[in-house]
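A.B. asks: Sharing query_39.pdb here; it has PDB, C-alpha atoms.
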```pdb
ATOM      1  CA  SER V   1      99.610  95.392  63.665
ATOM      2  CA  ARG V   2     102.004  95.346  66.594
ATOM      3  CA  GLN V   3      99.335  96.481  69.080
ATOM      4  CA  GLY V   4      96.965  93.793  67.825
ATOM      5  CA  ALA V   5      99.638  91.110  68.283
ATOM      6  CA  SER V   6     100.313  92.285  71.837
ATOM      7  CA  LEU V   7      96.612  92.218  72.642
ATOM      8  CA  ALA V   8      96.295  88.692  71.199
ATOM      9  CA  LYS V   9      99.265  87.536  73.306
ATOM     10  CA  LEU V  10      97.643  89.079  76.411
ATOM     11  CA  ARG V  11      94.364  87.259  75.689
ATOM     12  CA  GLN V  12      96.218  83.978  75.201
ATOM     13  CA  THR V  13      98.085  84.472  78.511
ATOM     14  CA  VAL V  14      94.835  85.170  80.348
ATOM     15  CA  ARG V  15      93.151  82.092  78.826
ATOM     16  CA  GLY V  16      96.180  79.857  79.408
ATOM     17  CA  SER V  17      96.820  80.740  83.038
ATOM     18  CA  GLY V  18      93.239  81.302  84.121
ATOM     19  CA  SER V  19      94.231  84.580  85.753
ATOM     20  CA  PHE V  20      94.844  88.147  84.727
ATOM     21  CA  PRO V  21      98.561  88.835  84.086
ATOM     22  CA  SER V  22      98.912  91.330  86.911
ATOM     23  CA  GLN V  23      97.525  88.940  89.505
ATOM     24  CA  PRO V  24     100.152  87.490  91.849
ATOM     25  CA  GLY V  25     100.978  83.946  90.860
ATOM     26  CA  SER V  26     100.062  84.332  87.192
ATOM     27  CA  ARG V  27     102.727  83.342  84.668
ATOM     28  CA  ALA V  28     102.791  86.797  83.071
ATOM     29  CA  CYS V  29     103.126  88.528  86.451
ATOM     30  CA  ARG V  30     106.095  86.307  87.415
ATOM     31  CA  HIS V  31     107.709  87.114  84.091
ATOM     32  CA  GLN V  32     107.230  90.863  84.562
ATOM     33  CA  MET V  33     108.651  90.825  88.073
ATOM     34  CA  ALA V  34     111.784  88.932  86.957
ATOM     35  CA  THR V  35     112.795  91.424  84.263
ATOM     36  CA  VAL V  36     115.760  93.723  84.714
ATOM     37  CA  ASN V  37     115.142  97.455  84.994
ATOM     38  CA  PRO V  38     116.315  98.710  81.573
ATOM     39  CA  ARG V  39     116.292 102.403  82.507
ATOM     40  CA  GLY V  40     119.323 102.303  84.800
ATOM     41  CA  VAL V  41     117.418 103.267  87.937
ATOM     42  CA  ASP V  42     119.507 102.836  91.076
ATOM     43  CA  ALA V  43     119.385 105.587  93.697
ATOM     44  CA  SER V  44     122.543 104.195  95.301
ATOM     45  CA  ARG V  45     124.708 104.858  92.240
ATOM     46  CA  VAL V  46     125.902 107.804  90.206
ATOM     47  CA  GLY V  47     126.073 107.752  86.408
ATOM     48  CA  GLU V  48     128.953 108.840  84.195
ATOM     49  CA  ASP V  49     127.542 112.375  84.117
ATOM     50  CA  GLY V  50     127.670 112.625  87.939
ATOM     51  CA  ASP V  51     123.886 112.467  88.384
ATOM     52  CA  ILE V  52     122.182 109.919  90.610
ATOM     53  CA  LEU V  53     120.521 107.165  88.553
ATOM     54  CA  LEU V  54     116.890 108.126  89.207
ATOM     55  CA  GLY V  55     115.542 107.312  85.750
ATOM     56  CA  ALA V  56     112.655 109.550  84.703
ATOM     57  CA  HIS V  57     112.669 111.173  88.155
ATOM     58  CA  ARG V  58     116.080 112.749  87.615
ATOM     59  CA  LYS V  59     114.422 115.808  86.062
ATOM     60  CA  PHE V  60     113.003 116.851  89.446
ATOM     61  CA  LYS V  61     114.845 119.469  91.461
ATOM     62  CA  ALA V  62     114.711 119.971  95.226
ATOM     63  CA  SER V  63     111.956 122.554  94.821
ATOM     64  CA  ASP V  64     109.777 119.829  93.231
ATOM     65  CA  MET V  65     110.429 117.279  95.989
ATOM     66  CA  VAL V  66     108.959 117.138  99.477
ATOM     67  CA  ASN V  67     110.307 115.304 102.477
ATOM     68  CA  THR V  68     108.090 113.300 104.813
ATOM     69  CA  SER V  69     107.733 116.190 107.279
ATOM     70  CA  GLU V  70     106.555 118.506 104.516
ATOM     71  CA  ALA V  71     104.125 115.857 103.252
ATOM     72  CA  ASP V  72     102.769 115.569 106.804
ATOM     73  CA  GLN V  73     102.198 119.313 106.951
ATOM     74  CA  ILE V  74     100.609 119.496 103.481
ATOM     75  CA  LEU V  75      98.252 116.610 104.261
ATOM     76  CA  ALA V  76      97.289 118.108 107.640
ATOM     77  CA  GLU V  77      96.356 121.394 105.927
ATOM     78  CA  LEU V  78      94.361 119.514 103.284
ATOM     79  CA  PHE V  79      92.628 117.413 105.957
ATOM     80  CA  ASN V  80      91.652 120.558 107.903
ATOM     81  CA  LYS V  81      90.306 122.204 104.748
ATOM     82  CA  ARG V  82      88.272 119.135 103.809
ATOM     83  CA  THR V  83      86.921 118.838 107.337
ATOM     84  CA  ARG V  84      85.859 122.518 107.326
ATOM     85  CA  ASP V  85      84.208 122.058 103.924
ATOM     86  CA  SER V  86      82.494 118.807 105.028
ATOM     87  CA  ILE V  87      84.296 116.783 102.362
ATOM     88  CA  VAL V  88      84.843 113.102 103.101
ATOM     89  CA  VAL V  89      88.456 112.120 103.719
ATOM     90  CA  GLY V  90      89.238 108.707 102.240
ATOM     91  CA  ASP V  91      90.943 105.801 103.961
ATOM     92  CA  GLU V  92      93.992 106.160 101.697
ATOM     93  CA  MET V  93      94.524 109.744 102.785
ATOM     94  CA  GLU V  94      94.090 108.871 106.458
ATOM     95  CA  SER V  95      96.548 105.998 106.071
ATOM     96  CA  THR V  96      99.074 108.248 104.326
ATOM     97  CA  MET V  97      98.683 110.914 107.018
ATOM     98  CA  LYS V  98      99.303 108.323 109.714
ATOM     99  CA  PHE V  99     102.433 107.141 107.906
ATOM    100  CA  CYS V 100     103.774 110.683 107.456
ATOM    101  CA  LYS V 101     103.103 111.573 111.080
ATOM    102  CA  ARG V 102     104.825 108.396 112.283
ATOM    103  CA  PHE V 103     107.942 108.879 110.145
ATOM    104  CA  ARG V 104     108.169 112.658 110.375
ATOM    105  CA  THR V 105     111.790 113.556 111.167
ATOM    106  CA  MET V 106     111.643 117.313 111.638
ATOM    107  CA  ASN V 107     110.370 119.156 114.713
ATOM    108  CA  ALA V 108     106.588 119.212 114.893
ATOM    109  CA  GLU V 109     106.783 122.993 115.447
ATOM    110  CA  ALA V 110     108.691 123.498 112.183
ATOM    111  CA  THR V 111     106.848 125.784 109.777
ATOM    112  CA  SER V 112     106.969 125.467 106.001
ATOM    113  CA  GLN V 113     109.515 128.315 106.053
ATOM    114  CA  ASP V 114     111.679 126.333 108.485
ATOM    115  CA  MET V 115     111.523 123.301 106.214
ATOM    116  CA  GLU V 116     112.453 125.388 103.183
ATOM    117  CA  LYS V 117     115.315 126.916 105.184
ATOM    118  CA  ALA V 118     116.565 123.424 106.087
ATOM    119  CA  ARG V 119     116.565 122.385 102.428
ATOM    120  CA  GLU V 120     118.339 125.579 101.374
ATOM    121  CA  ALA V 121     120.943 125.138 104.139
ATOM    122  CA  LEU V 122     121.837 121.691 102.835
ATOM    123  CA  LEU V 123     121.941 122.890  99.225
ATOM    124  CA  LYS V 124     123.878 126.097  99.854
ATOM    125  CA  LYS V 125     126.762 126.743  97.506
ATOM    126  CA  VAL V 126     130.273 126.908  98.888
ATOM    127  CA  ASP V 127     133.619 127.912  97.420
ATOM    128  CA  VAL V 128     135.669 124.951  96.212
ATOM    129  CA  GLU V 129     139.113 125.007  94.655
ATOM    130  CA  ALA V 130     139.089 123.414  91.205
ATOM    131  CA  ALA V 131     141.948 121.322  89.809
ATOM    132  CA  ASP V 132     143.297 124.336  87.898
ATOM    133  CA  GLY V 133     143.484 126.419  91.092
ATOM    134  CA  SER V 134     140.424 128.545  90.378
ATOM    135  CA  VAL V 135     137.651 128.879  92.933
ATOM    136  CA  VAL V 136     134.167 127.768  91.906
ATOM    137  CA  LYS V 137     130.843 127.675  93.731
ATOM    138  CA  MET V 138     129.149 124.311  94.081
ATOM    139  CA  LYS V 139     126.316 122.757  96.092
ATOM    140  CA  ARG V 140     127.377 120.662  99.071
ATOM    141  CA  CYS V 141     125.087 117.826  97.941
ATOM    142  CA  ARG V 142     122.674 116.897  95.166
ATOM    143  CA  ASP V 143     118.949 117.741  95.402
ATOM    144  CA  PHE V 144     117.866 114.134  95.937
ATOM    145  CA  GLU V 145     120.506 113.667  98.656
ATOM    146  CA  ALA V 146     119.285 116.760 100.517
ATOM    147  CA  ILE V 147     115.722 115.426 100.601
ATOM    148  CA  GLN V 148     116.953 112.014 101.747
ATOM    149  CA  LEU V 149     119.039 113.612 104.508
ATOM    150  CA  LEU V 150     115.915 115.407 105.734
ATOM    151  CA  ASN V 151     113.875 112.185 105.523
ATOM    152  CA  LEU V 152     116.384 109.940 107.260
ATOM    153  CA  MET V 153     118.159 112.377 109.627
ATOM    154  CA  PRO V 154     121.358 110.371 110.109
ATOM    155  CA  ARG V 155     123.250 111.175 113.318
ATOM    156  CA  THR V 156     126.777 110.600 111.973
ATOM    157  CA  ALA V 157     128.588 110.929 108.662
ATOM    158  CA  ASP V 158     129.224 107.157 108.660
ATOM    159  CA  GLU V 159     125.510 106.463 109.078
ATOM    160  CA  ALA V 160     124.686 108.956 106.312
ATOM    161  CA  GLY V 161     127.141 107.258 103.948
ATOM    162  CA  MET V 162     125.670 103.852 104.695
ATOM    163  CA  ILE V 163     122.024 104.780 104.130
ATOM    164  CA  ILE V 164     122.662 107.243 101.282
ATOM    165  CA  PRO V 165     125.532 105.611  99.347
ATOM    166  CA  THR V 166     125.972 108.493  96.890
ATOM    167  CA  LEU V 167     127.139 110.653  99.826
ATOM    168  CA  ARG V 168     130.043 108.369 100.825
ATOM    169  CA  GLU V 169     132.677 110.397  98.978
ATOM    170  CA  ASN V 170     131.156 113.803  99.791
ATOM    171  CA  GLU V 171     133.762 116.042 101.420
ATOM    172  CA  PHE V 172     131.020 118.076 103.159
ATOM    173  CA  LEU V 173     129.257 115.119 104.777
ATOM    174  CA  GLU V 174     130.259 115.935 108.380
ATOM    175  CA  GLU V 175     128.987 119.506 107.912
ATOM    176  CA  LEU V 176     125.735 118.348 106.321
ATOM    177  CA  VAL V 177     124.959 115.944 109.172
ATOM    178  CA  SER V 178     125.847 118.621 111.716
ATOM    179  CA  ASP V 179     123.481 121.079 109.996
ATOM    180  CA  LEU V 180     120.601 118.609 110.438
ATOM    181  CA  ASP V 181     120.736 118.750 114.253
ATOM    182  CA  GLN V 182     118.804 122.008 114.576
ATOM    183  CA  TYR V 183     115.896 120.556 112.573
ATOM    184  CA  ARG V 184     115.860 117.051 114.069
ATOM    185  CA  GLN V 185     112.803 115.867 116.014
ATOM    186  CA  LYS V 186     114.348 114.861 119.338
ATOM    187  CA  ASP V 187     111.539 112.758 120.836
ATOM    188  CA  ARG V 188     110.922 110.630 117.764
ATOM    189  CA  GLY V 189     109.833 107.042 118.263
ATOM    190  CA  ILE V 190     108.733 104.749 115.442
ATOM    191  CA  SER V 191     107.989 101.613 117.433
ATOM    192  CA  PRO V 192     104.547 100.150 116.663
ATOM    193  CA  TRP V 193     103.491 100.453 120.315
ATOM    194  CA  GLU V 194     104.305 104.206 120.316
ATOM    195  CA  GLN V 195     101.686 105.124 117.732
TER     196      GLN V 195
END
```
Mind converting the file's structure to structure tokens?
C.D. replies:
Amino acid sequence: SRQGASLAKLRQTVRGSGSFPSQPGSRACRHQMATVNPRGVDASRVGEDGDILLGAHRKFKASDMVNTSEADQILAELFNKRTRDSIVVGDEMESTMKFCKRFRTMNAEATSQDMEKAREALLKKVDVEAADGSVVKMKRCRDFEAIQLLNLMPRTADEAGMIIPTLRENEFLEELVSDLDQYRQKDRGISPWEQ
């Protein structure tokens, strides 16, 4: 069977290299790392259908995604609950909380409603004139781009286009960046000595 052949090949690779295939330095691991991504995943490009090439993640909408500031808030609530309930908080969670706190881009006073409002502001629909002269409503940016804008908080349209390439041709980019200002954490420092 096909599965049996794959298993035999795996055993042979492990015996031949003296290491498990996923270990760094093993022949199988080097081979896996050198392969091309066959699913067309590239968050800096847009496919023929106009969607960002996110692979399997393209099915997620903005309501399914959280930005770093939201993750920080969610983890803080979970940490408080676990502390109250005397449940041990693992090192991974503490490390993730530290990361989220360090790279949080929105005001520390922002509530979950404020964060939702920020997302909705970026995704609001506006009237756009179509090629045939009719007026249609469309979002100012894609869901993934809105979350990235909230994560990265670019200060100019040029900066936004450089760090989020799919926004380069967006006619609303100046407006989008301007809308971020009210949510931006002003005293943000990410230097290692400012932790």
A.B. asks: List every protein, DNA or RNA residue that has an atom no more than 12 Å from (107.0, 123.2, 108.9) in the file's coordinate frame, counting all atoms listed in the file, and report them as a compact mmCIF listing (two decimals) with C-alpha atoms, in the frame of the given file.
C.D. replies:
```
# COMPACT_ATOMS: atom_id res chain seq x y z
CA VAL V 66 108.96 117.14 99.48
CA ASN V 67 110.31 115.30 102.48
CA THR V 68 108.09 113.30 104.81
CA SER V 69 107.73 116.19 107.28
CA GLU V 70 106.56 118.51 104.52
CA ALA V 71 104.12 115.86 103.25
CA ASP V 72 102.77 115.57 106.80
CA GLN V 73 102.20 119.31 106.95
CA ILE V 74 100.61 119.50 103.48
CA LEU V 75 98.25 116.61 104.26
CA ALA V 76 97.29 118.11 107.64
CA GLU V 77 96.36 121.39 105.93
CA ARG V 104 108.17 112.66 110.38
CA THR V 105 111.79 113.56 111.17
CA MET V 106 111.64 117.31 111.64
CA ASN V 107 110.37 119.16 114.71
CA ALA V 108 106.59 119.21 114.89
CA GLU V 109 106.78 122.99 115.45
CA ALA V 110 108.69 123.50 112.18
CA THR V 111 106.85 125.78 109.78
CA SER V 112 106.97 125.47 106.00
CA GLN V 113 109.52 128.32 106.05
CA ASP V 114 111.68 126.33 108.48
CA MET V 115 111.52 123.30 106.21
CA GLU V 116 112.45 125.39 103.18
CA LYS V 117 115.32 126.92 105.18
CA ALA V 118 116.56 123.42 106.09
CA ARG V 119 116.56 122.38 102.43
CA TYR V 183 115.90 120.56 112.57
CA ARG V 184 115.86 117.05 114.07
CA GLN V 185 112.80 115.87 116.01
```
A.B. asks: How far is it from CA of Phe99 in chain V to CA of Asn151 in chain V, in Å with one decimal?
C.D. replies: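 Answer for the CA of Phe99 in chain V to CA of Asn151 in chain V separation: 12.7 Å.
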A.B. asks: Quick one: everything within 12 Å of range 162-166 of chain V, counting all atoms listed in the file, minus sequence neighbours fewer than 5 positions away in the same chain. Send it as a ChimeraX atom specification.
C.D. replies: /V:42-47,50-54,141-157,171,173,177
A.B. asks: Go ahead and compute the interatomic distance for CA of Arg168 in chain V and CA of Leu122 in chain V, in Å to one decimal.
C.D. replies: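 Interatomic distance here is 15.8 Å.
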A.B. asks: Extract, using all atoms listed in the file, all DNA, RNA and protein residues at most 7 Å from Met138 in chain V, discarding same-chain residues fewer than 3 positions from it, and format them as a count of residues only.
C.D. replies: 4
A.B. asks: In terms of the shortest atom-to-atom distance over all atoms listed in the file, which of V:Lys186, V:Ser95, V:Glu120, V:Arg140 is closest to Glu174 in chain V?
C.D. replies: V:Arg140
A.B. asks: What does the structure give for the distance between CA of Lys124 in chain V and CA of Lys139 in chain V, in Å to one decimal?
C.D. replies: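 CA of Lys139 in chain V lies 5.6 Å from CA of Lys124 in chain V.
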